[in-house]
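A quick write-up on the structure given underneath.
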Amino acid sequence: MAASGPSENQTIDVMRSQEPNDDVSLSLLNDGEGSSEHRPEVETGGDWQRLAVISILYFTIRNFTNMAQGLIYAVPALAISFNIWDNLFSPQVLIGAGVLFLSTSGSGVISYLMYKFRVHNQHVEIHHGVFQRRYTNLPLWRIQNVKIERPFYYRPFGYALVVLDTAGSGKEEAKIVAVPESYAEALKKQVLYEKVQHIGDNVAGKPDEEMGDKNSSTQYSAKIDTAAASALTNEEVLNRRSVKDIIIHGITNNRVWIILGAAAPFYDDVFGVVSEWLANKGLQLNQIVGEQTVAWWQFGLYAFVVLMMIMALVALLSVGGALFTFYGYTLSRTGDRYIRRSGLLNKLEVSMRASRIQMITAKQDWLDKVLKRVNLYFEQNSTAGQQMQELMSPNKLIVPSVTEDEAFALSQEVMPGCDLRGQHYQTISRRFIRFWLLAAWTTPLLGIFVVGAVTSHLDIMIGAVSTFIIVALLLTLRWWRWGIAYDNKYVYIRRGRVGVDYQCFEPYKAQQVIVKQSIFMKKRKLATIKFVLASGAVTVPFLPEEYVNKLADSVLYEVEATRKSWM
Amino acid sequence: MTTDTPQETVFSNNQLSVDEIPSFKTLALVPISKKYRALNIFSIGLIALALTGIITGLRFQRFWSLPENLLLAYPYVVAGIVAIGGVWALYHFFADVRIFYAIREQDISKQSGLIFRKLSCQPILRVQHVEVNRGPLDRWAGLASLQVFSAGGEMYTFEIPGLSLSRAEQLREFILAHKDIGAR
């Protein structure tokens with residue numbers, strides 16, 4: 001690498017060629033300057049700070065949604081106790097609603113007044129809560145993830161919401177509700193810097209030796225310093241998703257739930273409106289169903305049309321949901337972090353350190369296969385008991401509906417040299433099908449069949465037989481897909497029924513290796529292997545015993561000999 | 001891998017106190033305490049006895065009268081409890097002597113299971129913390145169980161039950177003293 005030339009290119013080269021860990025330890029050498037030039041922006045000093053005034057809006061909206069959620073449960077009770085619609089505009093109700101409204105809007109101001117924060121001595125401290133006062137103290141180096149959210153009403157004024165995540169539980173999350181965007185960015189950089197420094201303290205003394213191994217050590221370190229420094233300011237966009245891509249994603253993946261979840265409070269109204277509309281068009285459901293005069297084919301046609309209408313509506317809603325979450329999707333990289341930004345109304349930002357990625361998953365449903373699209377997930381350690389919505393979760397970074405080539409490029413970017421499709425997969429034994437058919441399905445289905453035969457119900461018998469055939473077919477597909485490969489650098493797993501999922505992880509990130517074998521499998525020299533990763537476990541059953549033992553030994557060796565960090 | 005993290009020593013993973021056997025499948029497995037089986041069967045007996053006692057108490061008490069069909073069900077319920085307890089105890093009778101563990105320099109392993117035999121191996125490098133757990137019955141019998149936590153999550157807590165207290169403490173000390181612990 002030449003010392004001259006465009007500096008941006010170099011930084012990328014250096015970053016690429018480095019393992020995340022090394023890059024951290026090397027860049028430490030003189031980042032003292034770097035952090036000192038960043039610190040004044042972030043440190044607020046010993047004085048407690050108030051949020052920007054705009055946060056009143058945030059608090060008010062939050063309190064209103066909380067109240068609305070509470071009211072949803074209260075409404076049926078109220079409606080039963082007295083007929084609310086008849087007395088809708090009676091003074092009592094108006095006064096009650098007014099008081100509720102005013103107190104809720106006032107509560108935003110109170111929440112604002114009760115919220116104080118400061119960033120002092122590399123700790124983020126927050127005092128918040130109205131009735132239950134809370135004090136949060138977070139050392140900057142403990143922060144795992146920094147999420148920057150921009151609700152739509154913040155955007156015109158250039159404010160942002162900073163969510164600080166710690167390694168512990170989901171409850172230990174801290175929010176700085178409204179700060180200028182520039183401050184949010186500066187805080188994020190500072191957190192990154194503190195982390196680098198903190199890790200550096202742990203490996204202090206080692207960098208020198210490492211440097212000695214390299215040939216042009218001085219040149220190299222100088223470059224890496226500039227790399228680390230500029231990486232914090234330079235972002236490289238790795239992937240963008242156009243509206244078309246997102247529409248495809250909406251069609252191939254069911255994202256209806258995003259819309260349905262948000263619209264839950266309005267179901268009744270919508271249903272009322274729709275049935276009224278149908279009635280106006282002269283279409284009455286109970287008329288159709290009730291009347292005997294309608295021929296069966298006519299009825300079937302109606303059913304078909306209604307089904308198609310529902311399907312189209314679902315697809316449309318799903319596209320809407322996809323657009324809602326993924327509009328303007330970008331995946332970018334700064335330094336050793338991947339950052340995902342997307343969202344139509346609320347811009348959401350999730351960032352993840354490259355070294356934290358435990359596993360890449362490429363999912364392809366049958367519809368994805370037809371359209372040649374892949375959903376790519378980068379999975380981080382999942383904190384136990386933290387049930388986050390999959391799409392918003394900071395534990396899974398999704399790249400929605402990329403093309404197969406893009407998926408290949410992105411997985412290469414995260415795990416260099418990883419080729420999901422080019423592997424020769426060791427397939428599982430056919431006994432897998434037999435085992436599941438015999439162990440789980442034969443007895444109940446045989447029972448149902450016998451019941452059908454005894455009571456001479458042909459439909460029950462046919463149902464049991466066809467279920468058996470379908471199950472056997474699905475198991476066969478599953479057997480056909482399921483496989484594992486190891487190329488001395490990565491472990492690959494292929495699985496699925498109609499669609500295919502590929503998973504890939506670095507063996508040294510394994511937390512635990514489990515080999516299972518029933519006494520029947522032992523006779524056939526088969527075994528099941530399970531790898532426990534911080535992001536979850538992966539299992540491949542019914543593999544040759546020999547292969548399992550060898551793989552388990554090599555993975556354990558990889559963990560124990562390389563002694564690399566899994567984080 | 002471009003650069004490996006520096007290693008202080010040459011890597012070795014020989015089994016401790018046993019001849020050199022590097023493969024994971026040919027571990028010399030050590031059985032857990034024999035008391036563990038006895039304790040399990042005893043506690044199953046205790047639970048069955050307590051349940052039967054409660055039901056018998058309800059059946060023969062004189063404070064309020066029970067419906068006729070509940071009275072008829074009584075012997076069947078008792079028989080059911082005895083049967084379930086018997087099967088459960090039988091399982092422990094055969095399965096508990098099949099729990100083994102082994103320690104190597106770099107990892108701990110456990111084998112368990114009657115029909116589905118499971119061999120799990122926990123590298124000490126990935127251990128986050130260690131606990132020695134003792135329930136009231138364990139304390140009475142002088143037993144303890146060793147729990148080893150990794151980042152794999154609660155579901156995959158590595159546990160060796162039925163160790164003598166001194167052995168459990170010794171294993172804990174071994175893991176804690178291991179130079180890799182806390183290195184993550």
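Residues are named by chain letter and number: chains run A, B, ... in the order of the structure tokens, numbers start at 1 in each chain, and ligands are numbered from 1 in the order shown.
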Item to check | DSSP-assigned alpha helix (DSSP H) members of segment 2-183 of chain B, reported as a PyMOL selection string | outcome: chain B and resi 35-60+68-95+136-141+165-177
Written selection (C-alpha atoms) as a PDB file, in the first residue's frame:
ATOM      1  CA  LYS B  35     -25.909 -40.675  46.556  1.00  0.00           C
ATOM      2  CA  TYR B  36     -27.512 -38.579  43.809  1.00  0.00           C
ATOM      3  CA  ARG B  37     -29.651 -41.473  42.600  1.00  0.00           C
ATOM      4  CA  ALA B  38     -30.688 -42.433  46.102  1.00  0.00           C
ATOM      5  CA  LEU B  39     -31.526 -38.823  46.864  1.00  0.00           C
ATOM      6  CA  ASN B  40     -33.642 -38.447  43.728  1.00  0.00           C
ATOM      7  CA  ILE B  41     -35.583 -41.627  44.366  1.00  0.00           C
ATOM      8  CA  PHE B  42     -36.027 -40.623  47.978  1.00  0.00           C
ATOM      9  CA  SER B  43     -37.376 -37.199  47.041  1.00  0.00           C
ATOM     10  CA  ILE B  44     -39.754 -38.726  44.478  1.00  0.00           C
ATOM     11  CA  GLY B  45     -41.003 -41.006  47.231  1.00  0.00           C
ATOM     12  CA  LEU B  46     -41.400 -38.005  49.490  1.00  0.00           C
ATOM     13  CA  ILE B  47     -43.408 -36.073  46.888  1.00  0.00           C
ATOM     14  CA  ALA B  48     -45.628 -39.090  46.149  1.00  0.00           C
ATOM     15  CA  LEU B  49     -46.163 -39.620  49.851  1.00  0.00           C
ATOM     16  CA  ALA B  50     -47.036 -35.976  50.428  1.00  0.00           C
ATOM     17  CA  LEU B  51     -49.540 -35.954  47.537  1.00  0.00           C
ATOM     18  CA  THR B  52     -51.121 -39.193  48.705  1.00  0.00           C
ATOM     19  CA  GLY B  53     -51.258 -37.776  52.220  1.00  0.00           C
ATOM     20  CA  ILE B  54     -53.065 -34.638  51.061  1.00  0.00           C
ATOM     21  CA  ILE B  55     -55.567 -36.617  49.020  1.00  0.00           C
ATOM     22  CA  THR B  56     -56.139 -39.158  51.792  1.00  0.00           C
ATOM     23  CA  GLY B  57     -56.619 -36.287  54.232  1.00  0.00           C
ATOM     24  CA  LEU B  58     -59.233 -34.759  51.941  1.00  0.00           C
ATOM     25  CA  ARG B  59     -60.914 -38.121  51.438  1.00  0.00           C
ATOM     26  CA  PHE B  60     -61.281 -38.983  55.095  1.00  0.00           C
ATOM     27  CA  GLU B  68     -69.914 -39.332  45.345  1.00  0.00           C
ATOM     28  CA  ASN B  69     -67.894 -39.664  42.145  1.00  0.00           C
ATOM     29  CA  LEU B  70     -64.877 -37.941  43.706  1.00  0.00           C
ATOM     30  CA  LEU B  71     -64.943 -40.562  46.448  1.00  0.00           C
ATOM     31  CA  LEU B  72     -65.055 -43.270  43.807  1.00  0.00           C
ATOM     32  CA  ALA B  73     -62.089 -41.718  42.012  1.00  0.00           C
ATOM     33  CA  TYR B  74     -59.903 -41.805  45.139  1.00  0.00           C
ATOM     34  CA  PRO B  75     -58.282 -45.236  44.704  1.00  0.00           C
ATOM     35  CA  TYR B  76     -57.565 -44.513  41.032  1.00  0.00           C
ATOM     36  CA  VAL B  77     -55.928 -41.187  41.852  1.00  0.00           C
ATOM     37  CA  VAL B  78     -53.714 -42.853  44.462  1.00  0.00           C
ATOM     38  CA  ALA B  79     -52.849 -45.624  42.013  1.00  0.00           C
ATOM     39  CA  GLY B  80     -52.016 -42.976  39.394  1.00  0.00           C
ATOM     40  CA  ILE B  81     -49.692 -41.135  41.763  1.00  0.00           C
ATOM     41  CA  VAL B  82     -47.967 -44.367  42.693  1.00  0.00           C
ATOM     42  CA  ALA B  83     -47.605 -45.379  39.035  1.00  0.00           C
ATOM     43  CA  ILE B  84     -46.212 -42.031  37.893  1.00  0.00           C
ATOM     44  CA  GLY B  85     -43.887 -41.907  40.885  1.00  0.00           C
ATOM     45  CA  GLY B  86     -42.763 -45.453  40.140  1.00  0.00           C
ATOM     46  CA  VAL B  87     -41.960 -44.734  36.490  1.00  0.00           C
ATOM     47  CA  TRP B  88     -40.218 -41.535  37.452  1.00  0.00           C
ATOM     48  CA  ALA B  89     -38.151 -43.292  40.119  1.00  0.00           C
ATOM     49  CA  LEU B  90     -37.355 -46.108  37.690  1.00  0.00           C
ATOM     50  CA  TYR B  91     -36.099 -43.564  35.188  1.00  0.00           C
ATOM     51  CA  HIS B  92     -33.805 -42.044  37.803  1.00  0.00           C
ATOM     52  CA  PHE B  93     -32.700 -45.496  38.884  1.00  0.00           C
ATOM     53  CA  PHE B  94     -31.322 -46.169  35.418  1.00  0.00           C
ATOM     54  CA  ALA B  95     -30.483 -42.666  34.212  1.00  0.00           C
ATOM     55  CA  PRO B 136     -32.151 -28.340  51.307  1.00  0.00           C
ATOM     56  CA  LEU B 137     -32.078 -32.025  50.392  1.00  0.00           C
ATOM     57  CA  ASP B 138     -28.673 -31.596  48.747  1.00  0.00           C
ATOM     58  CA  ARG B 139     -27.374 -30.083  51.963  1.00  0.00           C
ATOM     59  CA  TRP B 140     -28.781 -32.924  53.977  1.00  0.00           C
ATOM     60  CA  ALA B 141     -27.078 -35.449  51.716  1.00  0.00           C
ATOM     61  CA  LEU B 165     -19.591 -30.592  48.067  1.00  0.00           C
ATOM     62  CA  SER B 166     -15.816 -30.751  48.185  1.00  0.00           C
ATOM     63  CA  ARG B 167     -15.662 -31.861  44.554  1.00  0.00           C
ATOM     64  CA  ALA B 168     -18.020 -29.097  43.455  1.00  0.00           C
ATOM     65  CA  GLU B 169     -15.942 -26.494  45.296  1.00  0.00           C
ATOM     66  CA  GLN B 170     -12.810 -27.935  43.818  1.00  0.00           C
ATOM     67  CA  LEU B 171     -14.212 -27.729  40.298  1.00  0.00           C
ATOM     68  CA  ARG B 172     -15.357 -24.190  40.873  1.00  0.00           C
ATOM     69  CA  GLU B 173     -11.917 -23.222  42.095  1.00  0.00           C
ATOM     70  CA  PHE B 174     -10.385 -24.891  39.071  1.00  0.00           C
ATOM     71  CA  ILE B 175     -12.581 -22.915  36.696  1.00  0.00           C
ATOM     72  CA  LEU B 176     -12.091 -19.643  38.537  1.00  0.00           C
ATOM     73  CA  ALA B 177      -8.349 -20.113  38.699  1.00  0.00           C
TER      74      ALA B 177
END
Checklist entry - chain A residues within 8 Å of chain B, counting only C-alpha atoms: which ones, as number ranges by chain? => result A: 18-19, 22, 206, 210, 381, 383-384, 511-519, 532-537, 549, 552-553, 556, 559-567
Next on the checklist: Give me, as number ranges by chain, all polymer residues having an atom no more than 7 Å from Gly162 of chain B, counting only C-alpha atoms and skipping those fewer than 3 positions away in the same chain.
Outcome noted: B: 32-33, 36, 143-145
For the residues in the current selection, export C-alpha atoms as a tab-separated table (two decimals), in the first residue's frame.
chain	number	residue	atom	x	y	z
B	32	ILE	CA	-21.14	-38.42	39.81
B	33	SER	CA	-21.86	-39.32	43.40
B	36	TYR	CA	-27.51	-38.58	43.81
B	143	LEU	CA	-24.27	-32.94	47.70
B	144	ALA	CA	-24.03	-29.91	45.46
B	145	SER	CA	-24.52	-29.09	41.82
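With only C-alpha atoms as the atoms that count, the residue of A:Leu445, A:Leu71, A:Val540, A:Val163 with the shortest distance to Arg494 of chain A is A:Val540.
Distance-wise, atom CA of His129 of chain B and atom CA of Lys396 of chain A end up 25.6 Å apart.
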Checklist entry - Restricting the calculation to only C-alpha atoms, which member of A:Tyr327, A:Phe157, A:Tyr193, A:Tyr486 is positioned closest to Arg240 of chain A? => result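 Of all the options, A:Tyr327 lies closest to Arg240 of chain A.
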Next on the checklist: Just to confirm, what's the straight-line distance from atom CA of Lys372 of chain A to atom CA of Ile339 of chain A in Å (one decimal)?
Outcome noted: 25.0 Å
Checklist entry - Contacts of Asn488 of chain A at 10 Å or less, counting only C-alpha atoms, minus same-chain residues fewer than 4 places along, as a PyMOL selection string? => result chain A and resi 506-507+551+554-555+558
Checklist outcome for this item: Separating atom CA of Val177 of chain A from atom CA of Ala160 of chain A, to the nearest tenth of an Å, is a gap of 7.4 Å
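Contact shell of Gln426 of chain A at 6 Å (only C-alpha atoms; same-chain neighbours under 6 positions omitted): Gly483, Ile484 and Ala485 of chain A.
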Would you please extract all strand (DSSP E or B) residues from chain B, as assigned by DSSP on the backbone, and give them as a short mmCIF file (atom, residue, chain, number, x, y, z; two decimals) with N, CA and C atoms, in the first residue's frame?
data_model
loop_
_atom_site.label_atom_id
_atom_site.label_comp_id
_atom_site.auth_asym_id
_atom_site.auth_seq_id
_atom_site.Cartn_x
_atom_site.Cartn_y
_atom_site.Cartn_z
N GLN B 15 -6.06 -34.22 28.93
CA GLN B 15 -6.93 -34.48 30.06
C GLN B 15 -6.10 -34.49 31.34
N VAL B 30 -15.96 -39.56 34.51
CA VAL B 30 -16.03 -39.85 35.94
C VAL B 30 -17.49 -39.83 36.35
N PRO B 31 -17.97 -40.84 37.05
CA PRO B 31 -19.37 -40.79 37.46
C PRO B 31 -19.59 -39.79 38.59
N PHE B 100 -22.10 -38.63 33.74
CA PHE B 100 -20.65 -38.61 33.93
C PHE B 100 -20.13 -37.22 33.61
N TYR B 101 -18.97 -36.93 34.10
CA TYR B 101 -18.34 -35.68 33.69
C TYR B 101 -16.85 -35.91 33.50
N ALA B 102 -16.23 -34.94 32.85
CA ALA B 102 -14.80 -35.04 32.61
C ALA B 102 -14.23 -33.64 32.51
N ILE B 103 -13.00 -33.50 32.91
CA ILE B 103 -12.37 -32.19 32.87
C ILE B 103 -11.07 -32.30 32.09
N ARG B 104 -10.93 -31.39 31.16
CA ARG B 104 -9.65 -31.28 30.50
C ARG B 104 -9.08 -29.91 30.84
N ASP B 107 -11.54 -27.44 28.92
CA ASP B 107 -13.01 -27.52 28.92
C ASP B 107 -13.53 -28.55 29.92
N ILE B 108 -14.81 -28.44 30.20
CA ILE B 108 -15.49 -29.44 31.03
C ILE B 108 -16.59 -30.07 30.19
N SER B 109 -16.80 -31.36 30.41
CA SER B 109 -17.82 -32.06 29.64
C SER B 109 -18.74 -32.82 30.57
N LYS B 110 -19.93 -33.05 30.08
CA LYS B 110 -20.88 -33.85 30.85
C LYS B 110 -21.61 -34.77 29.90
N GLN B 111 -21.78 -36.03 30.32
CA GLN B 111 -22.59 -36.94 29.52
C GLN B 111 -23.77 -37.37 30.36
N SER B 112 -24.95 -37.36 29.76
CA SER B 112 -26.13 -37.77 30.51
C SER B 112 -27.16 -38.34 29.57
N PHE B 116 -31.59 -41.06 25.01
CA PHE B 116 -30.94 -40.03 24.22
C PHE B 116 -29.72 -39.55 24.99
N ARG B 117 -28.58 -40.03 24.59
CA ARG B 117 -27.38 -39.68 25.34
C ARG B 117 -26.83 -38.37 24.82
N LYS B 118 -26.53 -37.49 25.75
CA LYS B 118 -26.11 -36.15 25.37
C LYS B 118 -24.75 -35.87 25.97
N LEU B 119 -23.85 -35.44 25.15
CA LEU B 119 -22.51 -35.10 25.63
C LEU B 119 -22.29 -33.64 25.32
N SER B 120 -22.25 -32.80 26.36
CA SER B 120 -22.02 -31.39 26.11
C SER B 120 -20.66 -30.98 26.63
N CYS B 121 -20.07 -30.08 25.92
CA CYS B 121 -18.71 -29.67 26.23
C CYS B 121 -18.64 -28.16 26.33
N GLN B 122 -18.18 -27.67 27.47
CA GLN B 122 -18.15 -26.23 27.72
C GLN B 122 -16.70 -25.76 27.82
N PRO B 123 -16.23 -25.04 26.83
CA PRO B 123 -14.87 -24.49 26.95
C PRO B 123 -14.80 -23.48 28.10
N VAL B 127 -16.67 -19.32 29.76
CA VAL B 127 -17.45 -19.29 31.00
C VAL B 127 -17.58 -17.86 31.49
N GLN B 128 -18.80 -17.48 31.84
CA GLN B 128 -18.99 -16.13 32.38
C GLN B 128 -19.02 -16.13 33.89
N HIS B 129 -19.74 -17.05 34.48
CA HIS B 129 -19.59 -17.23 35.91
C HIS B 129 -20.00 -18.62 36.36
N VAL B 130 -19.63 -18.95 37.58
CA VAL B 130 -19.81 -20.30 38.08
C VAL B 130 -20.59 -20.23 39.39
N GLU B 131 -21.48 -21.19 39.59
CA GLU B 131 -22.20 -21.23 40.86
C GLU B 131 -22.20 -22.65 41.41
N VAL B 132 -22.14 -22.75 42.71
CA VAL B 132 -22.37 -24.04 43.35
C VAL B 132 -23.72 -23.94 44.04
N ASN B 133 -24.63 -24.81 43.64
CA ASN B 133 -26.00 -24.72 44.12
C ASN B 133 -26.32 -25.87 45.06
N LEU B 143 -24.52 -33.06 49.14
CA LEU B 143 -24.27 -32.94 47.70
C LEU B 143 -24.36 -31.49 47.26
N ALA B 144 -23.93 -31.25 46.03
CA ALA B 144 -24.03 -29.91 45.46
C ALA B 144 -24.06 -30.06 43.96
N SER B 145 -24.61 -29.05 43.28
CA SER B 145 -24.52 -29.09 41.82
C SER B 145 -23.76 -27.86 41.35
N LEU B 146 -22.99 -28.09 40.31
CA LEU B 146 -22.14 -27.03 39.77
C LEU B 146 -22.82 -26.46 38.54
N GLN B 147 -23.02 -25.16 38.53
CA GLN B 147 -23.64 -24.52 37.37
C GLN B 147 -22.64 -23.58 36.72
N VAL B 148 -22.49 -23.73 35.43
CA VAL B 148 -21.53 -22.92 34.69
C VAL B 148 -22.30 -22.13 33.64
N PHE B 149 -22.19 -20.83 33.69
CA PHE B 149 -22.95 -19.98 32.78
C PHE B 149 -22.07 -19.44 31.66
N SER B 150 -22.60 -19.50 30.46
CA SER B 150 -21.90 -18.90 29.32
C SER B 150 -22.83 -17.90 28.66
N PHE B 158 -24.65 -24.94 31.73
CA PHE B 158 -24.00 -26.22 31.87
C PHE B 158 -24.05 -26.62 33.34
N GLU B 159 -24.66 -27.77 33.64
CA GLU B 159 -24.84 -28.13 35.04
C GLU B 159 -24.40 -29.56 35.30
N ILE B 160 -23.57 -29.74 36.30
CA ILE B 160 -23.23 -31.10 36.74
C ILE B 160 -23.89 -31.29 38.11
N PRO B 161 -24.91 -32.13 38.18
CA PRO B 161 -25.59 -32.34 39.45
C PRO B 161 -24.89 -33.43 40.26
N GLY B 162 -25.29 -33.54 41.51
CA GLY B 162 -24.89 -34.68 42.33
C GLY B 162 -23.40 -34.83 42.55
N LEU B 163 -22.74 -33.71 42.78
CA LEU B 163 -21.32 -33.79 43.13
C LEU B 163 -21.21 -33.70 44.64
N SER B 164 -20.16 -34.30 45.17
CA SER B 164 -19.93 -34.06 46.59
C SER B 164 -19.53 -32.60 46.75
#
